[in-house]
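Colleague: File follows, upload_20.cif with mmCIF, C-alpha atoms:
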data_final
loop_
_atom_site.label_atom_id
_atom_site.label_comp_id
_atom_site.auth_asym_id
_atom_site.auth_seq_id
_atom_site.Cartn_x
_atom_site.Cartn_y
_atom_site.Cartn_z
CA ILE F 1 69.99 132.85 124.46
CA ALA F 2 71.86 130.24 126.50
CA GLN F 3 74.84 130.31 124.15
CA PHE F 4 74.92 134.11 124.15
CA SER F 5 74.80 134.25 127.95
CA ARG F 6 77.76 131.84 128.19
CA ARG F 7 79.91 133.49 125.51
CA GLY F 8 82.28 134.65 128.23
CA ASP F 9 83.21 131.01 128.88
CA ALA F 10 84.48 130.49 125.33
CA SER F 11 87.91 128.88 125.21
CA PRO F 12 89.55 130.18 123.08
CA HIS F 13 87.82 133.53 123.53
CA LYS F 14 86.05 133.52 120.17
CA TRP F 15 82.39 132.85 119.48
CA VAL F 16 79.82 133.36 116.74
CA MET F 17 76.03 133.68 116.76
CA TRP F 18 73.39 133.93 114.08
CA HIS F 19 69.65 134.32 113.89
CA ALA F 20 67.66 132.58 111.19
CA GLU F 21 64.24 131.12 110.57
CA ASP F 22 64.93 127.95 112.50
CA GLU F 23 62.60 128.52 115.45
CA GLY F 24 65.39 130.38 117.22
CA SER F 25 69.05 130.97 116.58
CA GLY F 26 72.33 129.16 116.45
CA GLY F 27 75.92 129.67 117.35
CA ILE F 28 79.29 128.23 118.28
CA VAL F 29 80.83 128.75 121.70
CA PRO F 30 84.04 126.66 121.95
CA TYR F 31 84.39 125.12 125.37
CA GLN F 32 87.32 123.27 126.88
CA TYR F 33 86.49 120.80 129.63
CA LYS F 34 89.07 120.83 132.45
CA LYS F 35 89.84 118.43 135.26
CA ALA F 36 90.31 121.39 137.57
CA SER F 37 86.71 122.53 136.98
CA PHE F 38 84.27 121.33 139.65
CA VAL F 39 81.32 121.59 137.25
CA ASN F 40 83.12 119.69 134.48
CA GLY F 41 84.15 116.96 136.89
CA LEU F 42 80.60 116.59 138.18
CA GLN F 43 79.29 116.36 134.60
CA TRP F 44 81.76 113.54 133.95
CA ALA F 45 80.67 111.66 137.08
CA ILE F 46 76.95 112.03 136.41
CA GLY F 47 77.35 110.62 132.89
CA LEU F 48 79.04 107.51 134.23
CA GLU F 49 76.46 107.11 137.00
CA ILE F 50 73.62 107.01 134.47
CA PHE F 51 75.19 104.09 132.63
CA LEU F 52 76.29 102.17 135.71
CA LEU F 53 72.92 102.49 137.46
CA SER F 54 70.81 101.44 134.47
CA GLY F 55 71.18 97.70 135.00
CA ASP F 56 70.18 96.79 131.44
CA PRO F 57 72.48 97.35 128.42
CA TRP F 58 69.52 96.75 126.09
CA ARG F 59 68.11 100.09 127.27
CA LEU F 60 71.35 102.00 126.74
CA PHE F 61 72.49 103.64 123.52
CA PHE F 62 76.08 104.78 123.53
CA THR F 63 76.18 108.17 121.84
CA THR F 64 77.66 111.58 122.51
CA ASP F 65 76.03 114.96 122.53
CA HIS F 66 78.59 116.07 119.97
CA PRO F 67 79.30 118.90 119.30
CA ASN F 68 78.05 120.01 122.72
CA GLY F 69 79.86 117.23 124.53
CA ALA F 70 82.53 114.64 123.86
CA PRO F 71 83.30 113.74 120.22
CA PHE F 72 83.01 110.13 119.06
CA THR F 73 86.82 109.94 118.93
CA ARG F 74 86.74 109.59 122.73
CA TYR F 75 84.54 106.48 122.66
CA PRO F 76 87.48 104.18 123.52
CA ASP F 77 88.25 106.17 126.68
CA LEU F 78 84.61 106.16 127.76
CA LEU F 79 84.30 102.42 127.19
CA HIS F 80 87.45 101.89 129.28
CA LEU F 81 85.83 103.83 132.13
CA LEU F 82 82.73 101.63 132.01
CA MET F 83 84.72 98.39 131.89
CA ASP F 84 87.34 99.09 134.56
CA TYR F 85 86.44 100.13 138.12
CA ASP F 86 90.04 100.78 139.18
CA PHE F 87 90.58 103.03 136.17
CA ARG F 88 87.42 104.99 137.06
CA MET F 89 88.66 105.50 140.60
CA ALA F 90 92.08 106.62 139.39
CA CYS F 91 90.43 109.23 137.16
CA LEU F 92 88.05 110.29 139.95
CA ALA F 93 91.02 110.84 142.28
CA GLU F 94 92.34 113.52 139.92
CA LEU F 95 89.19 115.63 140.26
CA ASP F 96 87.95 118.02 142.95
CA PRO F 97 87.73 115.93 146.19
CA GLU F 98 84.17 117.14 146.82
CA ILE F 99 83.01 115.30 143.69
CA MET F 100 83.88 112.01 145.39
CA GLU F 101 81.37 112.81 148.13
CA LEU F 102 78.63 114.00 145.77
CA THR F 103 78.59 110.97 143.48
CA LEU F 104 78.01 107.23 143.85
CA LEU F 105 80.94 106.21 141.67
CA LYS F 106 83.06 104.79 144.49
CA ASP F 107 80.21 102.42 145.37
CA LEU F 108 79.35 101.45 141.79
CA LYS F 109 81.74 98.58 141.22
CA GLN F 110 80.02 97.17 138.16
CA GLU F 111 82.29 96.59 135.18
CA PHE F 112 80.72 96.27 131.75
CA SER F 113 81.72 93.14 129.86
CA LEU F 114 82.62 93.07 126.19
CA TYR F 115 79.22 91.42 125.68
CA ASP F 116 77.52 94.39 127.39
CA ILE F 117 79.44 96.80 125.17
CA ALA F 118 78.42 94.89 122.03
CA ILE F 119 74.76 95.12 123.06
CA MET F 120 74.93 98.79 123.94
CA THR F 121 76.80 99.89 120.81
CA ARG F 122 75.47 97.41 118.22
CA ALA F 123 72.52 95.19 119.05
CA ALA F 124 70.37 97.60 121.07
CA PRO F 125 70.53 100.53 118.60
CA ALA F 126 69.72 98.20 115.71
CA LYS F 127 66.73 96.78 117.58
CA LEU F 128 65.51 100.27 118.51
CA LEU F 129 65.63 101.38 114.87
CA GLY F 130 63.99 98.20 113.59
CA LEU F 131 67.06 97.21 111.56
CA ASN F 132 66.79 93.44 111.54
CA ASP F 133 69.72 92.96 109.13
CA ARG F 134 72.40 94.30 111.47
CA GLY F 135 73.39 94.32 115.13
CA HIS F 136 73.80 90.53 115.27
CA LEU F 137 75.85 87.67 113.76
CA GLN F 138 73.00 85.45 112.64
CA PRO F 139 72.61 84.22 109.03
CA GLY F 140 71.41 86.99 106.73
CA ALA F 141 73.04 89.85 108.66
CA LEU F 142 75.14 92.41 106.78
CA ALA F 143 78.34 91.25 108.49
CA ASP F 144 79.54 94.54 109.95
CA ILE F 145 82.17 93.05 112.27
CA ALA F 146 85.03 94.50 114.31
CA VAL F 147 87.67 92.18 115.83
CA TYR F 148 89.99 93.30 118.64
CA HIS F 149 93.01 91.86 120.43
CA GLU F 150 92.12 91.52 124.12
CA GLN F 151 94.05 94.05 126.25
CA ASP F 152 93.86 95.30 129.82
CA ASP F 153 93.90 98.84 128.45
CA LYS F 154 90.45 98.86 126.87
CA ALA F 155 90.93 102.34 125.42
CA ALA F 156 93.97 101.15 123.47
CA MET F 157 92.09 98.01 122.43
CA PHE F 158 89.08 99.87 121.04
CA ARG F 159 91.23 102.59 119.49
CA LYS F 160 92.72 100.16 116.99
CA ALA F 161 90.63 97.27 115.69
CA GLN F 162 92.65 94.44 114.20
CA TRP F 163 90.07 93.35 111.63
CA VAL F 164 86.98 95.19 110.40
CA PHE F 165 84.42 93.86 107.93
CA LYS F 166 81.85 96.17 106.35
CA ASN F 167 78.97 94.35 104.62
CA GLY F 168 81.20 91.30 104.60
CA GLN F 169 84.09 93.12 102.90
CA LEU F 170 87.47 93.24 104.68
CA ILE F 171 88.27 96.90 105.41
CA ILE F 172 91.01 96.66 108.05
CA GLU F 173 93.50 93.82 108.26
CA ARG F 174 95.94 93.55 111.17
CA GLY F 175 95.18 97.13 112.13
CA GLU F 176 95.76 98.64 108.68
CA PHE F 177 93.27 99.93 106.10
CA VAL F 178 93.17 97.72 103.02
CA LYS F 179 89.98 98.95 101.33
CA ARG F 180 87.65 101.94 101.42
CA GLN F 181 84.02 100.86 101.60
CA PHE F 182 81.19 103.37 101.45
CA GLY F 183 78.20 102.83 103.70
CA GLN F 184 74.60 103.82 103.15
CA THR F 185 72.51 106.76 104.24
CA MET F 186 69.39 105.60 106.05
CA THR F 187 66.20 107.59 105.52
CA VAL F 188 62.89 107.26 107.36
CA LYS F 189 59.52 107.53 105.64
CA PRO F 190 56.92 107.66 108.43
CA HIS F 191 53.22 107.45 107.68
CA PHE F 192 51.19 110.54 108.62
CA ASP F 193 47.91 112.27 107.90
CA ARG F 194 48.56 114.23 104.71
CA GLN F 195 45.91 116.77 105.67
CA ILE F 196 48.28 118.22 108.28
CA GLU F 197 50.33 119.69 105.42
CA THR F 198 47.58 122.27 104.79
CA THR F 199 47.69 123.40 108.42
CA VAL F 200 51.49 123.64 108.44
CA LYS F 201 51.53 125.48 105.11
CA ASP F 202 49.04 128.05 106.40
CA TYR F 203 51.28 128.63 109.44
CA PHE F 204 54.33 129.18 107.24
CA ASP F 205 52.43 131.54 104.96
CA ARG F 206 51.34 133.64 107.95
CA PHE F 207 54.55 133.83 109.98
CA TYR F 208 57.54 132.96 107.77
CA SER F 209 59.16 134.77 104.87
CA MET F 210 60.20 131.39 103.47
CA LYS F 211 57.76 128.85 102.12
CA LEU F 212 57.18 125.35 103.44
CA SER F 213 58.38 123.99 100.11
CA ASN F 214 61.86 125.41 100.83
CA TYR F 215 62.29 122.82 103.57
CA GLY F 216 61.51 119.73 101.52
CA VAL F 217 64.16 117.43 100.06
CA GLN F 218 63.13 116.02 96.69
CA ASP F 219 63.69 112.33 96.05
CA ASP F 220 65.78 113.05 92.96
CA LEU F 221 68.26 114.94 95.15
CA LEU F 222 68.30 112.38 97.92
CA PHE F 223 68.57 109.33 95.72
CA ASP F 224 71.04 110.51 93.08
CA GLN F 225 73.06 107.40 93.98
CA PRO F 226 70.31 104.86 94.80
CA GLU F 227 72.75 102.11 95.71
CA ARG F 228 73.94 104.15 98.70
CA PHE F 229 70.53 104.83 100.23
CA SER F 230 68.05 102.72 102.15
CA ALA F 231 64.57 103.76 103.20
CA ILE F 232 62.75 102.62 106.33
CA ASN F 233 58.97 102.77 106.17
CA LEU F 234 57.30 103.38 109.53
#
Please render this file's structure as structure tokens.

Modeller:
Amino acid sequence: IAQFSRRGDASPHKWVMWHAEDEGSGGIVPYQYKKASFVNGLQWAIGLEIFLLSGDPWRLFFTTDHPNGAPFTRYPDLLHLLMDYDFRMACLAELDPEIMELTLLKDLKQEFSLYDIAIMTRAAPAKLLGLNDRGHLQPGALADIAVYHEQDDKAAMFRKAQWVFKNGQLIIERGEFVKRQFGQTMTVKPHFDRQIETTVKDYFDRFYSMKLSNYGVQDDLLFDQPERFSAINL
């Protein structure tokens, strides 16, 4: 409903909607964020405020709401904003002047360190997910390592790593790809009361034209290449 009601905002002026048995509907409404838009500028400021006011990088997880928000290709620019107060103010000055008065950004002079960024983008997510073999450089870790040349322009620095190791294998050397290394797909196998399946199946049989079994993913399909999958038991 929300996407349909905002279809007039599509830029370019094309949109698509569908209705399916997914507890609702889906659709694509392309949206271009603009500096001249007061709402877009305020969204930008609020996102930065949340990070800068948190006070603890271990409780932050740097992700995007893609495809509804910024794509991961803009990570370097976002990290630059968090690490450089003067750069934030220069960007803020290009927006609607009223935004300056409605946000706290001018008073939030904190600048994230490279250590803070490493926690927020590596160590904290690994800890949250219970992945003890990554997110750190201690013995036994998988050695997923990115090395950067220090630069004042943090966006440029993060946009091109000089060395990257994946599972200890050199992938990028002096900024150039030297080897393609496939990662792994992580799956979660949580424990639950199997009796709930009867209740859910009865619901599907009463209200859906599709069966509950249509939604399952068999192990033989998921693990057709076992070496590329890891399971986490919860």

Colleague: Distance CA of Leu78 (chain F)-CA of Leu48 (chain F), one decimal place?

Modeller: 8.6 Å

Colleague: Could you jot down the CA of Gln32 (chain F) to CA of Ser11 (chain F) separation for me, Å, one decimal place?

Modeller: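 Rounded to one decimal, the two atoms are 5.9 Å apart.
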
Colleague: Please indicate the distance in Å from CA of Ser54 (chain F) to CA of Ala126 (chain F), rounded to one decimal place.

Modeller: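 Computing it gives 19.1 Å between the two atoms.
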
Colleague: Point out the residue among F:Thr73, F:Gln43, F:Gln184, F:Gln162 with the least atom-to-atom distance to His149 (chain F), counting only C-alpha atoms.

Modeller: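 Once distances to His149 (chain F) are computed over only C-alpha atoms, the minimum belongs to F:Gln162.
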
Colleague: I'd like the residues picked by the PyMOL selection byres ((chain F and resi 151-160) around 7) written out as a VMD selection string, using the chain letters and numbers from the file.

Modeller: chain F and resid 76 to 77 79 to 80 148 to 150 161 to 162 175

Colleague: Neighbouring residues of Tyr115 (chain F) were defined as those with any atom within 10 Å, considering only C-alpha atoms; residues of the same chain fewer than 4 positions away were excluded. Please report them as a PyMOL selection string.

Modeller: chain F and resi 57+119-120

Colleague: I'd like the neighbourhood of region 88-90 of chain F as an MDAnalysis selection string, where a residue qualifies if any of its atoms comes within 12 Å (using all atoms listed in the file), though same-chain residues fewer than 3 positions away should be ignored.

Modeller: chainID F and resid 44:45 48:49 52 77:85 93:95 97 99:100 103:111

Colleague: Once you count all atoms listed in the file, which residues end up no further than 7 Å from (88.6, 117.6, 137.7) in the file's frame, shown as a list of chain:residue names?

Modeller: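 Result, sorted by chain then residue number: F:Lys34, F:Lys35, F:Ala36, F:Ser37, F:Phe38, F:Asn40, F:Gly41, F:Glu94, F:Leu95, F:Asp96.
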
Colleague: Please determine, counting all atoms listed in the file, which residue among F:Leu137, F:Leu102, F:Ile172, F:Ile117 has the shortest atom-to-atom distance to Leu42 (chain F).

Modeller: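 With all atoms listed in the file as the atom set, the closest residue is F:Leu102.
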
Colleague: As a check of understanding, name the residues that the PyMOL selection byres ((chain F and resi 58) around 9) selects in the supplied structure, as a list in words.

Modeller: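 Matching residues under the PyMOL selection byres ((chain F and resi 58) around 9) are Asp56, Pro57, Arg59, Leu60, Phe61, Asp116, Ile119, Met120, Ala123, Ala124, Pro125 and Lys127 of chain F.
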
Colleague: Pull C-alpha atoms from the residues just selected and write them as a short mmCIF file (atom, residue, chain, number, x, y, z; two decimals), in the frame of the given file.

Modeller:
data_model
loop_
_atom_site.label_atom_id
_atom_site.label_comp_id
_atom_site.auth_asym_id
_atom_site.auth_seq_id
_atom_site.Cartn_x
_atom_site.Cartn_y
_atom_site.Cartn_z
CA ASP F 56 70.18 96.79 131.44
CA PRO F 57 72.48 97.35 128.42
CA ARG F 59 68.11 100.09 127.27
CA LEU F 60 71.35 102.00 126.74
CA PHE F 61 72.49 103.64 123.52
CA ASP F 116 77.52 94.39 127.39
CA ILE F 119 74.76 95.12 123.06
CA MET F 120 74.93 98.79 123.94
CA ALA F 123 72.52 95.19 119.05
CA ALA F 124 70.37 97.60 121.07
CA PRO F 125 70.53 100.53 118.60
CA LYS F 127 66.73 96.78 117.58
#

Colleague: Applying 12 Å and only C-alpha atoms, which residues near Phe4 (chain F) remain after dropping the ones on its own chain fewer than 4 positions away? List them as a ChimeraX atom specification.

Modeller: /F:8-10,14-19,25-30

Colleague: Residues of the last selection are to be written out with C-alpha atoms, as a PDB file, in the frame of the given file.

Modeller:
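Output file result09.pdb follows:
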ATOM      1  CA  GLY F   8      82.280 134.650 128.230  1.00  0.00           C
ATOM      2  CA  ASP F   9      83.210 131.010 128.880  1.00  0.00           C
ATOM      3  CA  ALA F  10      84.480 130.490 125.330  1.00  0.00           C
ATOM      4  CA  LYS F  14      86.050 133.520 120.170  1.00  0.00           C
ATOM      5  CA  TRP F  15      82.390 132.850 119.480  1.00  0.00           C
ATOM      6  CA  VAL F  16      79.820 133.360 116.740  1.00  0.00           C
ATOM      7  CA  MET F  17      76.030 133.680 116.760  1.00  0.00           C
ATOM      8  CA  TRP F  18      73.390 133.930 114.080  1.00  0.00           C
ATOM      9  CA  HIS F  19      69.650 134.320 113.890  1.00  0.00           C
ATOM     10  CA  SER F  25      69.050 130.970 116.580  1.00  0.00           C
ATOM     11  CA  GLY F  26      72.330 129.160 116.450  1.00  0.00           C
ATOM     12  CA  GLY F  27      75.920 129.670 117.350  1.00  0.00           C
ATOM     13  CA  ILE F  28      79.290 128.230 118.280  1.00  0.00           C
ATOM     14  CA  VAL F  29      80.830 128.750 121.700  1.00  0.00           C
ATOM     15  CA  PRO F  30      84.040 126.660 121.950  1.00  0.00           C
TER      16      PRO F  30
END

Colleague: Please write the residues picked by the PyMOL selection byres ((chain F and resi 213) around 12) on this file as JSON, numbers by chain.

Modeller: {"F": [197, 198, 200, 201, 202, 204, 205, 208, 209, 210, 211, 212, 214, 215, 216, 217, 218]}

Colleague: Tell me which residues come within 10 Å of (85.2, 101.1, 103.1), as a short mmCIF file (atom, residue, chain, number, x, y, z; two decimals) with C-alpha atoms, keeping the file's coordinate frame, counting all atoms listed in the file in the file's coordinates.

Modeller:
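Below is the file that was written, point_0.cif:
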data_model
loop_
_atom_site.label_atom_id
_atom_site.label_comp_id
_atom_site.auth_asym_id
_atom_site.auth_seq_id
_atom_site.Cartn_x
_atom_site.Cartn_y
_atom_site.Cartn_z
CA VAL F 164 86.98 95.19 110.40
CA PHE F 165 84.42 93.86 107.93
CA LYS F 166 81.85 96.17 106.35
CA ASN F 167 78.97 94.35 104.62
CA GLN F 169 84.09 93.12 102.90
CA LEU F 170 87.47 93.24 104.68
CA ILE F 171 88.27 96.90 105.41
CA ILE F 172 91.01 96.66 108.05
CA PHE F 177 93.27 99.93 106.10
CA VAL F 178 93.17 97.72 103.02
CA LYS F 179 89.98 98.95 101.33
CA ARG F 180 87.65 101.94 101.42
CA GLN F 181 84.02 100.86 101.60
CA PHE F 182 81.19 103.37 101.45
CA GLY F 183 78.20 102.83 103.70
#
